[in-house]
Structure formats: C-alpha cells, structure tokens
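A.B. asks: Here you go, this is my_file10.json (JSON, N, CA and C atoms).
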[["chain", "number", "residue", "atom", "x", "y", "z"],
["A", 27, "MET", "N", 30.78, 97.00, 96.66],
["A", 27, "MET", "CA", 30.79, 98.07, 97.63],
["A", 27, "MET", "C", 29.96, 97.63, 98.84],
["A", 28, "ASN", "N", 30.44, 97.99, 100.01],
["A", 28, "ASN", "CA", 29.78, 97.65, 101.25],
["A", 28, "ASN", "C", 28.44, 98.40, 101.37],
["A", 29, "PRO", "N", 27.38, 97.74, 101.81],
["A", 29, "PRO", "CA", 26.08, 98.44, 101.96],
["A", 29, "PRO", "C", 26.14, 99.60, 102.94],
["A", 30, "ARG", "N", 27.03, 99.55, 103.90],
["A", 30, "ARG", "CA", 27.16, 100.67, 104.83],
["A", 30, "ARG", "C", 27.56, 101.96, 104.13],
["A", 31, "TRP", "N", 28.41, 101.82, 103.11],
["A", 31, "TRP", "CA", 28.81, 103.02, 102.36],
["A", 31, "TRP", "C", 27.63, 103.60, 101.59],
["A", 32, "MET", "N", 26.76, 102.74, 101.10],
["A", 32, "MET", "CA", 25.56, 103.22, 100.41],
["A", 32, "MET", "C", 24.66, 104.00, 101.37],
["A", 33, "ILE", "N", 24.52, 103.50, 102.59],
["A", 33, "ILE", "CA", 23.72, 104.20, 103.59],
["A", 33, "ILE", "C", 24.36, 105.54, 103.94],
["A", 34, "ARG", "N", 25.67, 105.56, 104.08],
["A", 34, "ARG", "CA", 26.38, 106.80, 104.40],
["A", 34, "ARG", "C", 26.22, 107.81, 103.26],
["A", 35, "MET", "N", 26.32, 107.35, 102.01],
["A", 35, "MET", "CA", 26.14, 108.28, 100.89],
["A", 35, "MET", "C", 24.72, 108.82, 100.84],
["A", 36, "ALA", "N", 23.74, 107.98, 101.19],
["A", 36, "ALA", "CA", 22.35, 108.45, 101.21],
["A", 36, "ALA", "C", 22.16, 109.51, 102.30],
["A", 37, "ARG", "N", 22.79, 109.31, 103.46],
["A", 37, "ARG", "CA", 22.70, 110.31, 104.52],
["A", 37, "ARG", "C", 23.32, 111.63, 104.08],
["A", 38, "TRP", "N", 24.47, 111.56, 103.42],
["A", 38, "TRP", "CA", 25.12, 112.79, 102.95],
["A", 38, "TRP", "C", 24.26, 113.49, 101.91],
["A", 39, "ALA", "N", 23.55, 112.72, 101.08],
["A", 39, "ALA", "CA", 22.69, 113.32, 100.06],
["A", 39, "ALA", "C", 21.50, 114.03, 100.71],
["A", 40, "HIS", "N", 20.96, 113.45, 101.77],
["A", 40, "HIS", "CA", 19.80, 114.06, 102.44],
["A", 40, "HIS", "C", 20.20, 115.18, 103.39],
["A", 41, "ARG", "N", 21.35, 115.03, 104.06],
["A", 41, "ARG", "CA", 21.84, 116.04, 104.99],
["A", 41, "ARG", "C", 23.31, 116.32, 104.69],
["A", 42, "PRO", "N", 23.60, 117.19, 103.75],
["A", 42, "PRO", "CA", 25.00, 117.46, 103.41],
["A", 42, "PRO", "C", 25.74, 118.11, 104.57],
["A", 43, "PRO", "N", 27.07, 118.00, 104.60],
["A", 43, "PRO", "CA", 27.85, 118.60, 105.69],
["A", 43, "PRO", "C", 27.75, 120.12, 105.65],
["A", 44, "SER", "N", 28.04, 120.74, 106.79],
["A", 44, "SER", "CA", 27.96, 122.20, 106.87],
["A", 44, "SER", "C", 29.08, 122.83, 106.05],
["A", 45, "TRP", "N", 28.90, 124.12, 105.76],
["A", 45, "TRP", "CA", 29.90, 124.85, 104.97],
["A", 45, "TRP", "C", 31.22, 124.93, 105.73],
["A", 46, "GLY", "N", 31.16, 125.01, 107.03],
["A", 46, "GLY", "CA", 32.39, 125.05, 107.83],
["A", 46, "GLY", "C", 33.19, 123.77, 107.72],
["A", 47, "ARG", "N", 32.50, 122.62, 107.72],
["A", 47, "ARG", "CA", 33.20, 121.35, 107.58],
["A", 47, "ARG", "C", 33.80, 121.20, 106.19],
["A", 48, "VAL", "N", 33.09, 121.67, 105.17],
["A", 48, "VAL", "CA", 33.61, 121.62, 103.80],
["A", 48, "VAL", "C", 34.88, 122.46, 103.70],
["A", 49, "LYS", "N", 34.88, 123.65, 104.30],
["A", 49, "LYS", "CA", 36.07, 124.50, 104.28],
["A", 49, "LYS", "C", 37.22, 123.85, 105.05],
["A", 50, "LEU", "N", 36.92, 123.18, 106.16],
["A", 50, "LEU", "CA", 37.95, 122.49, 106.93],
["A", 50, "LEU", "C", 38.60, 121.39, 106.11],
["A", 51, "VAL", "N", 37.81, 120.58, 105.43],
["A", 51, "VAL", "CA", 38.35, 119.49, 104.62],
["A", 51, "VAL", "C", 39.20, 120.03, 103.47],
["A", 52, "PHE", "N", 38.70, 121.08, 102.80],
["A", 52, "PHE", "CA", 39.49, 121.67, 101.71],
["A", 52, "PHE", "C", 40.78, 122.29, 102.24],
["A", 53, "GLY", "N", 40.75, 122.86, 103.43],
["A", 53, "GLY", "CA", 41.96, 123.42, 104.03],
["A", 53, "GLY", "C", 42.99, 122.36, 104.32],
["A", 54, "ILE", "N", 42.55, 121.22, 104.84],
["A", 54, "ILE", "CA", 43.48, 120.13, 105.14],
["A", 54, "ILE", "C", 44.08, 119.56, 103.86],
["A", 55, "VAL", "N", 43.25, 119.40, 102.83],
["A", 55, "VAL", "CA", 43.75, 118.90, 101.54],
["A", 55, "VAL", "C", 44.74, 119.89, 100.93],
["A", 56, "ALA", "N", 44.45, 121.19, 101.02],
["A", 56, "ALA", "CA", 45.36, 122.20, 100.48],
["A", 56, "ALA", "C", 46.69, 122.20, 101.23],
["A", 57, "ALA", "N", 46.65, 122.05, 102.56],
["A", 57, "ALA", "CA", 47.89, 122.00, 103.34],
["A", 57, "ALA", "C", 48.72, 120.77, 102.96],
["A", 58, "ALA", "N", 48.07, 119.64, 102.76],
["A", 58, "ALA", "CA", 48.80, 118.42, 102.37],
["A", 58, "ALA", "C", 49.43, 118.58, 100.98],
["A", 59, "LEU", "N", 48.69, 119.17, 100.05],
["A", 59, "LEU", "CA", 49.24, 119.39, 98.71],
["A", 59, "LEU", "C", 50.39, 120.39, 98.74],
["A", 60, "LEU", "N", 50.30, 121.41, 99.60],
["A", 60, "LEU", "CA", 51.39, 122.37, 99.74],
["A", 60, "LEU", "C", 52.64, 121.69, 100.28],
["A", 61, "LEU", "N", 52.48, 120.82, 101.27],
["A", 61, "LEU", "CA", 53.62, 120.10, 101.82],
["A", 61, "LEU", "C", 54.26, 119.19, 100.78],
["A", 62, "VAL", "N", 53.45, 118.52, 99.97],
["A", 62, "VAL", "CA", 53.98, 117.67, 98.91],
["A", 62, "VAL", "C", 54.74, 118.50, 97.88],
["A", 63, "ALA", "N", 54.19, 119.66, 97.52],
["A", 63, "ALA", "CA", 54.87, 120.52, 96.54],
["A", 63, "ALA", "C", 56.19, 121.05, 97.07],
["A", 64, "VAL", "N", 56.22, 121.45, 98.33],
["A", 64, "VAL", "CA", 57.48, 121.94, 98.93],
["A", 64, "VAL", "C", 58.51, 120.82, 98.96],
["A", 65, "GLU", "N", 58.09, 119.63, 99.36],
["A", 65, "GLU", "CA", 59.03, 118.51, 99.41],
["A", 65, "GLU", "C", 59.54, 118.14, 98.02],
["A", 66, "ARG", "N", 58.68, 118.23, 97.03],
["A", 66, "ARG", "CA", 59.07, 117.81, 95.69],
["A", 66, "ARG", "C", 59.99, 118.82, 94.99],
["A", 67, "TYR", "N", 59.65, 120.12, 95.08],
["A", 67, "TYR", "CA", 60.38, 121.11, 94.30],
["A", 67, "TYR", "C", 61.47, 121.85, 95.08],
["A", 68, "ILE", "N", 61.33, 121.98, 96.38],
["A", 68, "ILE", "CA", 62.35, 122.68, 97.16],
["A", 68, "ILE", "C", 63.26, 121.68, 97.86],
["A", 69, "GLY", "N", 62.68, 120.62, 98.36],
["A", 69, "GLY", "CA", 63.45, 119.59, 99.05],
["A", 69, "GLY", "C", 63.11, 119.55, 100.51],
["A", 70, "TRP", "N", 63.42, 118.44, 101.12],
["A", 70, "TRP", "CA", 63.13, 118.25, 102.53],
["A", 70, "TRP", "C", 64.29, 118.81, 103.34],
["A", 71, "PRO", "N", 64.03, 119.61, 104.38],
["A", 71, "PRO", "CA", 65.12, 120.20, 105.15],
["A", 71, "PRO", "C", 65.88, 119.14, 105.95],
["A", 72, "ASP", "N", 67.17, 119.38, 106.14],
["A", 72, "ASP", "CA", 68.00, 118.42, 106.87],
["A", 72, "ASP", "C", 67.58, 118.30, 108.33],
["A", 73, "TRP", "N", 67.11, 119.40, 108.93],
["A", 73, "TRP", "CA", 66.73, 119.34, 110.34],
["A", 73, "TRP", "C", 65.49, 118.48, 110.57],
["A", 74, "ALA", "N", 64.72, 118.20, 109.54],
["A", 74, "ALA", "CA", 63.53, 117.39, 109.69],
["A", 74, "ALA", "C", 63.78, 115.92, 109.38],
["A", 75, "THR", "N", 65.00, 115.54, 109.04],
["A", 75, "THR", "CA", 65.34, 114.17, 108.70],
["A", 75, "THR", "C", 65.87, 113.46, 109.93],
["A", 76, "LEU", "N", 65.37, 112.29, 110.21],
["A", 76, "LEU", "CA", 65.81, 111.52, 111.35],
["A", 76, "LEU", "C", 67.04, 110.70, 111.00],
["A", 77, "GLU", "N", 67.89, 110.52, 111.99],
["A", 77, "GLU", "CA", 69.05, 109.66, 111.81],
["A", 77, "GLU", "C", 68.59, 108.20, 111.92],
["A", 78, "PRO", "N", 69.16, 107.30, 111.12],
["A", 78, "PRO", "CA", 68.76, 105.89, 111.23],
["A", 78, "PRO", "C", 69.17, 105.32, 112.59],
["A", 79, "VAL", "N", 68.31, 104.49, 113.15],
["A", 79, "VAL", "CA", 68.56, 103.87, 114.45],
["A", 79, "VAL", "C", 68.95, 102.43, 114.22],
["A", 80, "ARG", "N", 70.11, 102.04, 114.80],
["A", 80, "ARG", "CA", 70.56, 100.65, 114.68],
["A", 80, "ARG", "C", 69.92, 99.83, 115.77],
["A", 81, "ARG", "N", 69.40, 98.70, 115.43],
["A", 81, "ARG", "CA", 68.78, 97.80, 116.39],
["A", 81, "ARG", "C", 69.66, 96.57, 116.57],
["A", 82, "GLY", "N", 69.58, 95.96, 117.71],
["A", 82, "GLY", "CA", 70.31, 94.72, 117.94],
["A", 82, "GLY", "C", 71.57, 94.94, 118.76],
["A", 83, "PHE", "N", 72.38, 93.91, 118.85],
["A", 83, "PHE", "CA", 73.60, 93.96, 119.64],
["A", 83, "PHE", "C", 74.73, 94.60, 118.83],
["A", 84, "PRO", "N", 75.55, 95.42, 119.49],
["A", 84, "PRO", "CA", 76.69, 95.99, 118.76],
["A", 84, "PRO", "C", 77.74, 94.90, 118.50],
["A", 85, "LEU", "N", 78.34, 94.94, 117.34],
["A", 85, "LEU", "CA", 79.34, 93.94, 116.99],
["A", 85, "LEU", "C", 80.64, 94.19, 117.74],
["A", 86, "LYS", "N", 81.19, 95.38, 117.62],
["A", 86, "LYS", "CA", 82.41, 95.75, 118.34],
["A", 86, "LYS", "C", 82.27, 97.18, 118.81],
["A", 87, "PRO", "N", 82.57, 97.44, 120.07],
["A", 87, "PRO", "CA", 82.46, 98.84, 120.54],
["A", 87, "PRO", "C", 83.58, 99.73, 120.08]]
Rewrite the coordinates I just gave you, this time as structure tokens.
C.D. replies:
Amino acid sequence: MNPRWMIRMARWAHRPPSWGRVKLVFGIVAAALLLVAVERYIGWPDWATLEPVRRGFPLKP
C-alpha cells in the first residue's frame, strides 16, 4: 500500500468527514445501485441506446 494512503487514512481518523458529505456519498452510491437494478431487472430503454457508428471509408454507396 502506498504511504500516501496511510497518511490519508490517518487524516480521516483524526478529522472525519462532515455528516453532509457522508450523506452525499451514500446518496450517490444509492443512485448508482438503483440504476444497476433498473437496468438488470427492467431493462435498458431503447431511446437510451446509441446506434453503432461505422468508421472508415464506405465500400459501396
């Protein structure tokens, strides 16, 4: 493990993050898990799917 991470963990132990920041991080994690659950059990909507883009020279128009 990098010594910088040890210093960062020591700082967090001495000065933990505010309650607002903890709620923000948990909110972001909850939103990501909700998006994964919707994609897994309901499916990804067609309007959010991109069409594949062909690169290079066209063979025949």
A.B. asks: As a PyMOL selection string, please: every residue in chain A that DSSP puts in alpha helix (DSSP H).
C.D. replies: chain A and resi 29-40+45-67
A.B. asks: Between atom CA of Leu59 of chain A and atom CA of Pro42 of chain A, what is the spacing in Å?
C.D. replies: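 Taking atom CA of Pro42 of chain A as the start and atom CA of Leu59 of chain A as the end point, the length is 24.8 Å.
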A.B. asks: With 8 Å as the cut-off and all atoms listed in the file counted, what is the closest atom pair between each nearby residue of segment 35-81 of chain A and segment 28-31 of chain A? Distances in Å to one decimal, ordered by chain and number, as JSON lines.
C.D. replies:
{"residue": "A:Met35", "atom": "N", "partner": "A:Trp31", "partner_atom": "C", "distance": 4.0}
{"residue": "A:Ala36", "atom": "N", "partner": "A:Trp31", "partner_atom": "C", "distance": 5.9}
{"residue": "A:Arg37", "atom": "N", "partner": "A:Trp31", "partner_atom": "C", "distance": 7.7}
A.B. asks: At what distance in Å, to one decimal, does atom CA of Ala58 of chain A lie from atom CA of Trp73 of chain A?
C.D. replies: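 Computing it gives 19.6 Å between the two atoms.
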A.B. asks: What does the distance from atom CA of Met27 of chain A to atom N of His40 of chain A come to in Å, to one decimal?
C.D. replies: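 So the two atoms, atom CA of Met27 of chain A and atom N of His40 of chain A, lie 18.7 Å apart.
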